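First the structure, in the form of structure tokens, and then the observations on it.
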Amino acid sequence: MAQHDHIAASHTEHGHGEGMDKKRIWSVFFVLLALTALEFLLALGFVHHWGILEKGMFLNVIYITLTLIKAYYIVAFFMHLKFEKSGFIITCAVGFILIVYFIALLLIEGDYLLYHFQEHPLYPHP
Amino acid sequence: MSTTTVSQLDKVKDGPWSGGRSPWNLEYGKIMMWFFLVSDAFTFSSFLIYYGAQKYAQPSWIDADKVFQSIPGIADSGQPLVFVGVMTFILIMSSVTMVLAVEAGHRNAKQEVVKWMLWTILGGLLFVGCQALEWSHLHHQGFWFGRNPATGLADPAAIAATLEPYFTKEISYTAALQFSNLFFTITGFHGFHVSIGILLNIIVLFMTLNNTFERRGTYLMIEKVGLYWHFVDLVWVFVFTFFYLI
């Protein structure tokens, strides 16, 4: 128990020296809001309204990039991971290398199934 | 516990790898919450990656803009993305109020913690309410676990005609079915997480009101529940992109 209190106390003293004050919280919020607004501008404005862009690989890459930036802001600032010890950051992040591998694995598998096991009927769109 | 003995031992070995100091300077419960969230991220990743694999395996896929078109109570169709935009905003907003509660906890400002926790709980309830509306709308259209609007029809022409409003490219019954299954599974699993989050938020709100954290001298529990709540928001960012945008 004494150990627990010690860590909790030192945590509040040092851990949050460079942490999140109210100003920073709201600036992160506006970054997230701006990125989400940009996604809606692309989807509703550029694709639906003006018809400048078409749904496809190019747009998907933009959407996924914006998503990853948003994820970084949430994890780094809201979840405070950026201010933790680097050892802890690495411990939490390193497993996601396997997720990257898993994505490659299953998308290749899906693509293979498309060309080798396709037996579902398709109807032309009028 | 005799502390003098411990500190003497610490003097002998106090390097980062020989004990005697906390290498991560984090409280045990917080580390465990992080490890839980990492494992939960794997679960959600698997769901979303399987969705991607199905999309790659089908020659045609449903057009999300044509499925999610309604704003409950305002418009039945023709408004893609607007309602989910509102939901996304609600969840980001409740994430901000959560982090404000954590910040108030650092200053031991009980009243502020209570205020921001109440806003966070309200945001969570609104989000789950919106999701319930969206689910019921899709259910009325004929989408459900193991079912799409054309389920039960035998005539290919009738199947094609029923599913035609949801496709821009070729119409595929299997694609519509897999979309339906995965949509309800993944948003359902996410909604379950939001519901648990609301419950945890309510519990820590009552603990705050009960002066539990004041007596403990730290509002660390708000931080731990906050981590979970931000994770729920994080998952939604990905669900939103892969189900509604792409």
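Simple scheme: letters A, B, ... for chains in structure tokens order, numbers from 1 for residues in each chain, numbers from 1 for ligands in the order shown.
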
What's around B:Trp135 at 12 Å? Count only C-alpha atoms, leave out sequence neighbours fewer than 3 positions away in its own chain, and write the answer as a short mmCIF file (atom, residue, chain, number, x, y, z; two decimals) with C-alpha atoms, in the first residue's frame.
data_model
loop_
_atom_site.label_atom_id
_atom_site.label_comp_id
_atom_site.auth_asym_id
_atom_site.auth_seq_id
_atom_site.Cartn_x
_atom_site.Cartn_y
_atom_site.Cartn_z
CA VAL B 67 -27.67 2.50 -46.88
CA PHE B 68 -27.18 5.26 -44.29
CA SER B 70 -31.91 8.75 -42.96
CA PRO B 72 -34.56 9.86 -37.70
CA VAL B 84 -23.58 9.62 -38.34
CA VAL B 128 -26.23 4.99 -27.65
CA GLY B 129 -29.68 6.49 -28.28
CA CYS B 130 -28.65 7.58 -31.78
CA GLN B 131 -27.26 4.13 -32.46
CA ALA B 132 -30.52 2.54 -31.33
CA LEU B 138 -31.99 -0.50 -40.73
CA HIS B 139 -34.00 -3.29 -39.13
CA HIS B 140 -37.18 -1.85 -40.63
CA GLN B 141 -35.50 -1.89 -44.03
CA GLY B 142 -34.80 -5.59 -43.61
CA PHE B 143 -31.17 -5.63 -42.47
CA TRP B 144 -30.36 -7.75 -39.42
CA PHE B 145 -27.98 -10.50 -38.30
CA SER B 180 -25.42 -6.60 -42.72
CA PHE B 183 -22.34 -3.93 -39.48
CA PHE B 184 -24.51 -5.22 -36.66
CA THR B 185 -21.68 -7.25 -35.12
CA THR B 187 -21.33 -1.51 -34.22
CA GLY B 188 -23.04 -3.80 -31.71
CA GLY B 191 -22.21 -0.02 -28.64
#

Compute the set of chain A residues within 7 Å of chain B, using only C-alpha atoms, and express it as a PyMOL selection string.
chain A and resi 4+7-8+11+21+29+43+60+63+67+71+74+78-79+85+87-88+92+103+106-107+110-111+113-114+120-125

In stretch 121-225 of chain B, what's strand (DSSP E or B) per DSSP? Answer as number ranges by chain?
B: 144, 147, 171-172

Store the residues picked out above in a file with N, CA and C atoms, as an mmCIF file, in the first residue's frame.
data_model
loop_
_atom_site.group_PDB
_atom_site.id
_atom_site.type_symbol
_atom_site.label_atom_id
_atom_site.label_comp_id
_atom_site.auth_asym_id
_atom_site.auth_seq_id
_atom_site.Cartn_x
_atom_site.Cartn_y
_atom_site.Cartn_z
ATOM 1 N N TRP B 144 -30.513 -7.236 -40.794
ATOM 2 C CA TRP B 144 -30.356 -7.748 -39.425
ATOM 3 C C TRP B 144 -29.280 -8.816 -39.455
ATOM 4 N N ARG B 147 -29.450 -11.547 -42.242
ATOM 5 C CA ARG B 147 -30.611 -11.201 -43.063
ATOM 6 C C ARG B 147 -30.349 -9.891 -43.801
ATOM 7 N N ILE B 171 -25.149 -5.933 -58.379
ATOM 8 C CA ILE B 171 -25.850 -6.282 -57.138
ATOM 9 C C ILE B 171 -25.456 -7.685 -56.706
ATOM 10 N N SER B 172 -25.077 -7.816 -55.438
ATOM 11 C CA SER B 172 -24.690 -9.118 -54.907
ATOM 12 C C SER B 172 -25.423 -9.380 -53.604
#

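Take the candidates B:Val113, B:Ile90, B:Ile121, B:Ala150 and check each one against B:Leu199 using only C-alpha atoms; the shortest distance goes to B:Ile121.
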
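For the atom pair formed by atom CA of A:Val61 and atom CA of B:Asp40, the distance is 24.9 Å, given to one decimal.
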